[in-house]
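*Asks:* Hey, dropping entry.cif in here, mmCIF, C-alpha atoms:
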data_data
loop_
_atom_site.group_PDB
_atom_site.id
_atom_site.type_symbol
_atom_site.label_atom_id
_atom_site.label_comp_id
_atom_site.auth_asym_id
_atom_site.auth_seq_id
_atom_site.Cartn_x
_atom_site.Cartn_y
_atom_site.Cartn_z
ATOM 1 C CA MET A 1 137.471 62.329 105.154
ATOM 2 C CA GLU A 2 139.645 64.867 103.366
ATOM 3 C CA ILE A 3 139.725 67.059 106.469
ATOM 4 C CA GLU A 4 140.925 64.024 108.437
ATOM 5 C CA GLN A 5 143.601 63.433 105.839
ATOM 6 C CA ILE A 6 144.788 67.012 106.244
ATOM 7 C CA GLN A 7 144.779 66.763 110.022
ATOM 8 C CA ASN A 8 146.647 63.466 109.928
ATOM 9 C CA ILE A 9 149.541 65.015 108.136
ATOM 10 C CA ASP A 10 151.106 66.731 111.130
ATOM 11 C CA ASN A 11 154.296 67.446 109.349
ATOM 12 C CA GLU A 12 153.488 70.157 106.854
ATOM 13 C CA SER A 13 156.976 70.133 105.425
ATOM 14 C CA GLU A 14 156.430 66.508 104.459
ATOM 15 C CA LEU A 15 153.287 67.495 102.567
ATOM 16 C CA VAL A 16 155.125 70.350 100.825
ATOM 17 C CA HIS A 17 158.033 68.054 100.005
ATOM 18 C CA LYS A 18 155.705 65.495 98.440
ATOM 19 C CA ALA A 19 153.944 68.207 96.425
ATOM 20 C CA GLN A 20 157.324 69.500 95.239
ATOM 21 C CA LYS A 21 158.133 66.007 93.989
ATOM 22 C CA GLY A 22 154.982 66.012 91.872
ATOM 23 C CA ASP A 23 152.529 64.276 94.226
ATOM 24 C CA GLN A 24 149.237 65.762 93.028
ATOM 25 C CA ARG A 25 147.295 64.475 96.016
ATOM 26 C CA ALA A 26 149.681 66.257 98.369
ATOM 27 C CA PHE A 27 149.283 69.436 96.337
ATOM 28 C CA SER A 28 145.468 69.133 96.504
ATOM 29 C CA LEU A 29 145.669 68.715 100.281
ATOM 30 C CA LEU A 30 147.791 71.860 100.525
ATOM 31 C CA VAL A 31 145.236 73.750 98.447
ATOM 32 C CA LYS A 32 142.379 72.521 100.640
ATOM 33 C CA LYS A 33 144.267 73.439 103.783
ATOM 34 C CA TYR A 34 144.992 76.987 102.712
ATOM 35 C CA GLU A 35 142.237 77.998 100.281
ATOM 36 C CA SER A 36 140.085 79.622 102.983
ATOM 37 C CA THR A 37 143.063 81.560 104.362
ATOM 38 C CA VAL A 38 143.938 82.874 100.902
ATOM 39 C CA TYR A 39 140.342 83.688 99.944
ATOM 40 C CA SER A 40 139.621 85.428 103.222
ATOM 41 C CA PHE A 41 142.804 87.518 103.043
ATOM 42 C CA ALA A 42 142.153 88.453 99.411
ATOM 43 C CA TYR A 43 138.590 89.468 100.289
ATOM 44 C CA LYS A 44 139.788 91.643 103.160
ATOM 45 C CA VAL A 45 142.181 93.405 100.802
ATOM 46 C CA CYS A 46 139.878 93.741 97.763
ATOM 47 C CA ARG A 47 136.514 93.995 99.613
ATOM 48 C CA ASN A 48 134.978 92.221 96.633
ATOM 49 C CA GLU A 49 134.055 88.537 96.253
ATOM 50 C CA GLU A 50 134.779 88.344 92.538
ATOM 51 C CA LYS A 51 138.245 89.848 92.923
ATOM 52 C CA ALA A 52 138.921 87.616 95.909
ATOM 53 C CA GLU A 53 138.052 84.580 93.805
ATOM 54 C CA GLU A 54 140.332 85.714 90.982
ATOM 55 C CA THR A 55 143.163 86.302 93.462
ATOM 56 C CA LEU A 56 142.577 82.847 94.933
ATOM 57 C CA GLN A 57 142.923 81.245 91.509
ATOM 58 C CA ASP A 58 145.997 83.276 90.560
ATOM 59 C CA THR A 59 147.625 82.516 93.893
ATOM 60 C CA PHE A 60 147.342 78.744 93.635
ATOM 61 C CA VAL A 61 148.427 78.765 89.989
ATOM 62 C CA ASN A 62 151.541 80.652 91.157
ATOM 63 C CA VAL A 63 151.989 78.309 94.113
ATOM 64 C CA TYR A 64 151.969 75.339 91.745
ATOM 65 C CA ARG A 65 154.393 76.984 89.339
ATOM 66 C CA LYS A 66 156.798 78.228 92.002
ATOM 67 C CA LEU A 67 156.568 75.422 94.525
ATOM 68 C CA HIS A 68 160.033 74.135 93.563
ATOM 69 C CA GLN A 69 161.442 77.547 94.648
ATOM 70 C CA PHE A 70 160.184 77.157 98.229
ATOM 71 C CA ASN A 71 163.251 76.243 100.278
ATOM 72 C CA GLY A 72 161.647 75.760 103.691
ATOM 73 C CA LYS A 73 163.624 78.555 105.378
ATOM 74 C CA ALA A 74 160.423 80.495 106.073
ATOM 75 C CA LYS A 75 157.097 79.001 107.145
ATOM 76 C CA PHE A 76 155.007 77.755 104.227
ATOM 77 C CA SER A 77 152.215 80.141 105.274
ATOM 78 C CA THR A 78 154.635 83.108 105.129
ATOM 79 C CA TRP A 79 155.667 82.102 101.618
ATOM 80 C CA LEU A 80 152.009 81.720 100.652
ATOM 81 C CA TYR A 81 151.190 85.184 102.018
ATOM 82 C CA GLN A 82 154.051 86.572 99.924
ATOM 83 C CA ILE A 83 152.393 85.162 96.813
ATOM 84 C CA VAL A 84 148.890 86.321 97.667
ATOM 85 C CA THR A 85 150.065 89.845 98.599
ATOM 86 C CA ASN A 86 152.007 90.046 95.327
ATOM 87 C CA ASN A 87 148.862 89.026 93.482
ATOM 88 C CA CYS A 88 146.843 91.681 95.296
ATOM 89 C CA LEU A 89 149.452 94.310 94.395
ATOM 90 C CA MET A 90 149.580 93.135 90.774
ATOM 91 C CA LYS A 91 145.812 93.076 90.518
ATOM 92 C CA ARG A 92 145.715 96.653 91.695
ATOM 93 C CA ARG A 93 148.344 97.697 89.138
ATOM 94 C CA LYS A 94 146.730 95.824 86.282
ATOM 95 C CA SER A 95 143.105 96.308 87.256
ATOM 96 C CA LYS A 96 142.222 98.109 84.047
ATOM 97 C CA LEU A 97 143.870 95.581 81.783
ATOM 98 C CA ASP A 98 142.154 92.587 83.410
ATOM 99 C CA LYS A 99 144.431 90.190 81.587
ATOM 100 C CA SER A 100 146.502 88.936 84.484
ATOM 101 C CA THR A 101 143.823 86.610 85.767
ATOM 102 C CA VAL A 102 143.634 82.937 84.981
ATOM 103 C CA SER A 103 139.914 82.344 84.774
ATOM 104 C CA PHE A 104 138.507 78.956 85.617
ATOM 105 C CA GLU A 105 134.999 78.579 84.249
ATOM 106 C CA LEU A 106 132.727 75.865 85.555
ATOM 107 C CA PRO A 107 130.120 74.065 83.471
ATOM 108 C CA ASP A 108 126.606 75.441 84.158
ATOM 109 C CA THR A 109 125.485 72.233 85.855
ATOM 110 C CA MET A 110 128.285 72.472 88.403
ATOM 111 C CA GLN A 111 127.429 76.106 89.142
ATOM 112 C CA GLU A 112 123.781 75.299 89.893
ATOM 113 C CA GLU A 113 124.712 72.373 92.088
ATOM 114 C CA SER A 114 127.214 74.486 94.016
ATOM 115 C CA GLU A 115 124.715 77.016 95.291
ATOM 116 C CA HIS A 116 123.761 74.706 98.106
ATOM 117 C CA GLN A 117 125.778 72.964 100.761
ATOM 118 C CA SER A 118 125.922 69.193 100.881
ATOM 119 C CA ASP A 119 123.347 69.207 103.697
ATOM 120 C CA GLY A 120 120.875 71.058 101.466
ATOM 121 C CA THR A 121 121.084 74.424 103.213
ATOM 122 C CA SER A 122 121.851 77.572 101.292
ATOM 123 C CA LEU A 123 125.388 78.874 101.520
ATOM 124 C CA GLN A 124 125.895 81.296 104.387
ATOM 125 C CA THR A 125 126.363 84.854 103.274
ATOM 126 C CA LEU A 126 127.551 87.914 105.143
ATOM 127 C CA VAL A 127 124.200 88.624 106.756
ATOM 128 C CA SER A 128 123.113 86.398 109.604
ATOM 129 C CA LEU A 129 119.622 84.982 109.331
ATOM 130 C CA LYS A 130 118.886 86.082 112.898
ATOM 131 C CA GLN A 131 119.317 89.765 112.115
ATOM 132 C CA THR A 132 116.360 92.083 112.102
ATOM 133 C CA PRO A 133 115.953 94.341 109.041
ATOM 134 C CA GLN A 134 117.125 97.266 111.190
ATOM 135 C CA ASP A 135 120.267 95.418 112.312
ATOM 136 C CA GLU A 136 120.897 94.479 108.741
ATOM 137 C CA MET A 137 120.601 98.087 107.598
ATOM 138 C CA VAL A 138 123.021 99.291 110.285
ATOM 139 C CA ASN A 139 125.423 96.460 109.477
ATOM 140 C CA ASN A 140 125.244 97.199 105.777
ATOM 141 C CA GLU A 141 125.887 100.885 106.395
ATOM 142 C CA LEU A 142 128.812 100.085 108.675
ATOM 143 C CA ARG A 143 130.267 97.582 106.240
ATOM 144 C CA GLU A 144 130.005 100.114 103.431
ATOM 145 C CA LEU A 145 131.756 102.685 105.592
ATOM 146 C CA LEU A 146 134.546 100.237 106.479
ATOM 147 C CA ASP A 147 134.916 99.155 102.845
ATOM 148 C CA ASN A 148 135.022 102.698 101.510
ATOM 149 C CA ALA A 149 137.547 103.798 104.115
ATOM 150 C CA ILE A 150 139.970 100.914 103.609
ATOM 151 C CA LEU A 151 139.723 101.090 99.826
ATOM 152 C CA LYS A 152 141.027 104.666 100.001
ATOM 153 C CA LEU A 153 144.260 103.452 101.577
ATOM 154 C CA PRO A 154 147.291 102.865 99.353
ATOM 155 C CA MET A 155 147.608 99.113 98.785
ATOM 156 C CA GLU A 156 150.936 98.869 100.682
ATOM 157 C CA GLN A 157 149.388 100.388 103.817
ATOM 158 C CA ARG A 158 146.174 98.393 103.422
ATOM 159 C CA ILE A 159 148.048 95.093 103.259
ATOM 160 C CA VAL A 160 150.115 95.932 106.352
ATOM 161 C CA PHE A 161 146.987 96.931 108.280
ATOM 162 C CA ILE A 162 145.240 93.676 107.355
ATOM 163 C CA LEU A 163 148.250 91.498 108.102
ATOM 164 C CA ARG A 164 148.912 93.131 111.469
ATOM 165 C CA ASP A 165 145.566 94.260 112.820
ATOM 166 C CA VAL A 166 143.062 91.971 111.149
ATOM 167 C CA GLU A 167 145.005 88.732 110.637
ATOM 168 C CA GLY A 168 147.082 89.224 113.795
ATOM 169 C CA ARG A 169 150.462 88.581 112.164
ATOM 170 C CA SER A 170 153.529 89.983 113.899
ATOM 171 C CA SER A 171 155.491 92.941 112.555
ATOM 172 C CA GLU A 172 158.385 90.547 111.920
ATOM 173 C CA GLU A 173 156.249 88.241 109.799
ATOM 174 C CA ALA A 174 154.618 91.139 107.945
ATOM 175 C CA ALA A 175 158.115 92.433 107.157
ATOM 176 C CA LYS A 176 159.119 89.010 105.797
ATOM 177 C CA ILE A 177 155.945 88.738 103.727
ATOM 178 C CA LEU A 178 156.375 92.187 102.208
ATOM 179 C CA LYS A 179 160.173 91.973 102.058
ATOM 180 C CA VAL A 180 160.545 95.316 103.833
ATOM 181 C CA SER A 181 162.098 96.336 107.156
ATOM 182 C CA ILE A 182 160.221 96.233 110.474
ATOM 183 C CA PRO A 183 160.373 100.061 110.787
ATOM 184 C CA ALA A 184 158.794 100.270 107.312
ATOM 185 C CA VAL A 185 155.982 97.965 108.481
ATOM 186 C CA LYS A 186 155.437 100.101 111.588
ATOM 187 C CA SER A 187 155.453 103.309 109.599
ATOM 188 C CA ARG A 188 152.873 101.994 107.093
ATOM 189 C CA LEU A 189 150.789 100.617 109.944
ATOM 190 C CA ARG A 190 150.817 103.935 111.783
ATOM 191 C CA ARG A 191 149.704 105.821 108.681
ATOM 192 C CA ALA A 192 146.979 103.274 107.963
ATOM 193 C CA ARG A 193 145.652 103.335 111.532
ATOM 194 C CA VAL A 194 145.607 107.137 111.691
ATOM 195 C CA PHE A 195 143.874 107.387 108.316
ATOM 196 C CA LEU A 196 141.211 104.781 109.126
ATOM 197 C CA ARG A 197 140.545 106.256 112.551
ATOM 198 C CA LYS A 198 139.931 109.641 110.953
ATOM 199 C CA GLN A 199 137.666 108.095 108.341
ATOM 200 C CA LEU A 200 135.541 106.371 110.996
ATOM 201 C CA GLN A 201 135.606 109.204 113.519
ATOM 202 C CA GLU A 202 132.139 110.478 112.634
ATOM 203 C CA TYR A 203 130.628 107.005 113.029
ATOM 204 C CA MET A 204 132.308 106.472 116.405
ATOM 205 C CA GLU A 205 131.147 109.806 117.775
ATOM 206 C CA VAL A 206 127.460 109.088 117.060
ATOM 207 C CA MET B 1 152.521 128.923 127.352
ATOM 208 C CA LYS B 2 155.703 126.880 127.521
ATOM 209 C CA THR B 3 153.890 124.032 129.318
ATOM 210 C CA LYS B 4 151.191 123.976 126.628
ATOM 211 C CA THR B 5 153.824 123.556 123.896
ATOM 212 C CA VAL B 6 155.551 120.804 125.821
ATOM 213 C CA ASN B 7 152.211 119.055 126.355
ATOM 214 C CA LYS B 8 151.313 119.331 122.697
ATOM 215 C CA LEU B 9 154.617 117.840 121.629
ATOM 216 C CA ARG B 10 154.237 115.125 124.177
ATOM 217 C CA CYS B 11 150.791 114.241 122.877
ATOM 218 C CA ASN B 12 152.062 114.058 119.295
ATOM 219 C CA GLU B 13 154.872 111.828 120.430
ATOM 220 C CA VAL B 14 152.432 109.608 122.307
ATOM 221 C CA ALA B 15 150.106 109.409 119.299
ATOM 222 C CA LYS B 16 152.960 108.385 116.977
ATOM 223 C CA TYR B 17 154.249 105.786 119.417
ATOM 224 C CA VAL B 18 150.830 104.304 120.092
ATOM 225 C CA CYS B 19 149.880 104.160 116.423
ATOM 226 C CA GLU B 20 153.064 102.221 115.699
ATOM 227 C CA ASN B 21 153.025 99.928 118.694
ATOM 228 C CA LEU B 22 149.397 99.254 119.622
ATOM 229 C CA ASP B 23 148.964 95.557 120.390
ATOM 230 C CA GLU B 24 152.716 94.904 120.615
ATOM 231 C CA HIS B 25 152.660 93.987 124.347
ATOM 232 C CA LEU B 26 155.730 96.062 125.055
ATOM 233 C CA ASN B 27 156.981 96.804 128.525
ATOM 234 C CA SER B 28 159.798 99.225 127.873
ATOM 235 C CA ARG B 29 160.496 102.304 129.965
ATOM 236 C CA ARG B 30 159.029 104.447 127.207
ATOM 237 C CA CYS B 31 155.925 102.301 127.147
ATOM 238 C CA ARG B 32 155.451 102.722 130.884
ATOM 239 C CA GLU B 33 155.864 106.496 130.542
ATOM 240 C CA ILE B 34 153.215 106.574 127.874
ATOM 241 C CA LYS B 35 150.827 104.540 130.018
ATOM 242 C CA LYS B 36 151.322 107.145 132.744
ATOM 243 C CA HIS B 37 150.596 109.880 130.235
ATOM 244 C CA PHE B 38 147.211 108.338 129.476
ATOM 245 C CA GLN B 39 146.243 108.601 133.135
ATOM 246 C CA THR B 40 146.490 112.388 132.933
ATOM 247 C CA CYS B 41 145.555 113.148 129.325
ATOM 248 C CA PRO B 42 141.898 112.700 128.326
ATOM 249 C CA LYS B 43 142.633 113.754 124.738
ATOM 250 C CA CYS B 44 145.159 110.963 124.200
ATOM 251 C CA THR B 45 142.896 108.487 126.008
ATOM 252 C CA LYS B 46 140.061 109.375 123.635
ATOM 253 C CA GLN B 47 142.334 108.941 120.622
ATOM 254 C CA LEU B 48 143.545 105.597 121.923
ATOM 255 C CA ASP B 49 139.944 104.446 122.397
ATOM 256 C CA SER B 50 138.978 105.442 118.881
ATOM 257 C CA LEU B 51 142.066 103.685 117.532
ATOM 258 C CA LYS B 52 141.163 100.512 119.414
ATOM 259 C CA LYS B 53 137.565 100.738 118.132
ATOM 260 C CA THR B 54 138.783 101.147 114.554
ATOM 261 C CA VAL B 55 140.910 98.025 114.804
ATOM 262 C CA PHE B 56 138.077 96.164 116.550
ATOM 263 C CA LEU B 57 135.602 97.014 113.791
ATOM 264 C CA TYR B 58 137.881 95.774 111.036
ATOM 265 C CA ARG B 59 138.926 92.692 112.982
ATOM 266 C CA ASN B 60 135.307 91.715 113.562
ATOM 267 C CA CYS B 61 133.917 92.647 110.168
ATOM 268 C CA PRO B 62 132.413 89.436 108.730
ATOM 269 C CA THR B 63 134.201 87.862 105.794
ATOM 270 C CA PRO B 64 132.366 85.555 103.391
ATOM 271 C CA SER B 65 133.407 81.924 103.457
ATOM 272 C CA ILE B 66 134.709 80.327 100.333
ATOM 273 C CA SER B 67 131.693 78.938 98.471
ATOM 274 C CA ALA B 68 131.405 75.349 97.290
ATOM 275 C CA GLN B 69 131.245 76.696 93.741
ATOM 276 C CA THR B 70 134.497 78.657 94.137
ATOM 277 C CA HIS B 71 136.205 75.614 95.651
ATOM 278 C CA LYS B 72 135.086 73.360 92.788
ATOM 279 C CA LYS B 73 136.103 75.920 90.188
ATOM 280 C CA LEU B 74 139.550 76.228 91.774
ATOM 281 C CA MET B 75 140.147 72.490 92.031
ATOM 282 C CA ALA B 76 138.839 71.853 88.498
ATOM 283 C CA GLY B 77 141.039 74.617 87.062
ATOM 284 C CA LEU B 78 144.146 73.441 88.887
ATOM 285 C CA SER B 79 143.507 69.860 87.868
ATOM 286 C CA LEU B 80 143.164 70.934 84.222
ATOM 287 C CA MET B 81 146.383 72.954 84.440
ATOM 288 C CA ILE B 82 148.303 70.038 85.966
ATOM 289 C CA THR B 83 146.968 67.600 83.353
ATOM 290 C CA LYS B 84 147.932 69.923 80.484
ATOM 291 C CA LYS B 85 151.444 70.175 81.903
#
Take the structure in this file and express it as structure tokens.
*Replies:*
Amino acid sequence: MEIEQIQNIDNESELVHKAQKGDQRAFSLLVKKYESTVYSFAYKVCRNEEKAEETLQDTFVNVYRKLHQFNGKAKFSTWLYQIVTNNCLMKRRKSKLDKSTVSFELPDTMQEESEHQSDGTSLQTLVSLKQTPQDEMVNNELRELLDNAILKLPMEQRIVFILRDVEGRSSEEAAKILKVSIPAVKSRLRRARVFLRKQLQEYMEV
Amino acid sequence: MKTKTVNKLRCNEVAKYVCENLDEHLNSRRCREIKKHFQTCPKCTKQLDSLKKTVFLYRNCPTPSISAQTHKKLMAGLSLMITKK
């Protein structure tokens, strides 16, 4: 039902406008529409589910607080990416302090109930049920290699690489999100690609 | 000797250009020249392949979906924040 509600609102700017005027239902619909995008992006940057969840929470708290500042000149998704990338950068800077995060704790009962989907099946994790133990081992090794390599990149380069090569955003949009020039995006992207290729070279030559 | 130096420079130039513009769908004169270069340079072709594989691996690396628990926690927290305001 809620998915239908989201789909029925073709005009996103109308939804944003309503949320800006204090319509809580419109704000909830915006959250539901974009929570997966934000979580997925944060995970790709942090390579850690806990950090991705914290970034998700921080991002939507900031969206709520700053929604009145959104003027509609850029796409809402571009503005949202600006907030989530800022949160990723801040999290990196303040990682040792661990005080920048707004933590939402759930009652125990809600946590237990949430471990299963509404249809009774367990939540899908990274590993497909159809994988053999050998596939799983190779996949785990590869994922570890990919995680380790990308985590060595400076955050600015990592974010550009994810926006451009993983999320498929254009250089123009990445430049808007990061508030840098297009040549700066291309330069960071080149350095990130060269670095990651070198890191994975051994794996690719096997 | 001179040719080798020219080739080396050319390859560096190609590598820089490709690393900046991979996936941009460009069709400039420079782009066409670089495509020609690949036809005669196995070293650059190998580097381009490994670059494409790197991007492919990251693009296809599975990402966990947002869990029902995380969703509920987010909505409950936001709701609490809005109510307090």
*Asks:* Figure out the distance between atom CA of Tyr203 of chain A and atom CA of Glu144 of chain A, please, to one decimal in Å.
*Replies:* 11.8 Å
*Asks:* Could you jot down the atom CA of Arg197 of chain A to atom CA of Val180 of chain A separation for me, Å, one decimal place?
*Replies:*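 Computed distance, atom CA of Arg197 of chain A to atom CA of Val180 of chain A, equals 24.4 Å.
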*Asks:* Ranking A:Arg158, A:Lys32, A:Lys91, A:Arg164 by minimum distance to Ile182 of chain A and counting all atoms listed in the file, which one comes first?
*Replies:*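 So, comparing all the options, the nearest one is A:Arg164.
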*Asks:* Set the distance at 12 Å and use only C-alpha atoms: which residues neighbour Asn71 of chain A once local chain neighbours fewer than 5 positions away are removed? I'd like the list as a list in words.
*Replies:* Ser13, Val16, His17, Gln20, Lys66, Phe76 and Trp79 of chain A
*Asks:* Please produce a file of those selected residues containing C-alpha atoms, as a compact mmCIF listing (two decimals), in the frame of the given file.
*Replies:*
# COMPACT_ATOMS: atom_id res chain seq x y z
CA SER A 13 156.98 70.13 105.42
CA VAL A 16 155.12 70.35 100.82
CA HIS A 17 158.03 68.05 100.00
CA GLN A 20 157.32 69.50 95.24
CA LYS A 66 156.80 78.23 92.00
CA PHE A 76 155.01 77.76 104.23
CA TRP A 79 155.67 82.10 101.62
*Asks:* Which chain B residues are at most 10 Å from chain A (counting all atoms listed in the file), as number ranges by chain?
*Replies:* B: 15-24, 47-82
*Asks:* State, in Å with one decimal place, the distance from atom CA of Leu67 of chain A to atom CA of Lys179 of chain A.
*Replies:*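 Between atom CA of Leu67 of chain A and atom CA of Lys179 of chain A the gap is 18.5 Å.
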*Asks:* Provide an axis-aligned box for all listed atoms of segment 152-158 of chain A, padding each side by 6 Å; report its centre and its edge lengths in Å to one decimal, as JSON.
*Replies:*
{"center_x": 146.0, "center_y": 101.5, "center_z": 101.3, "size_x": 21.9, "size_y": 18.3, "size_z": 17.0}
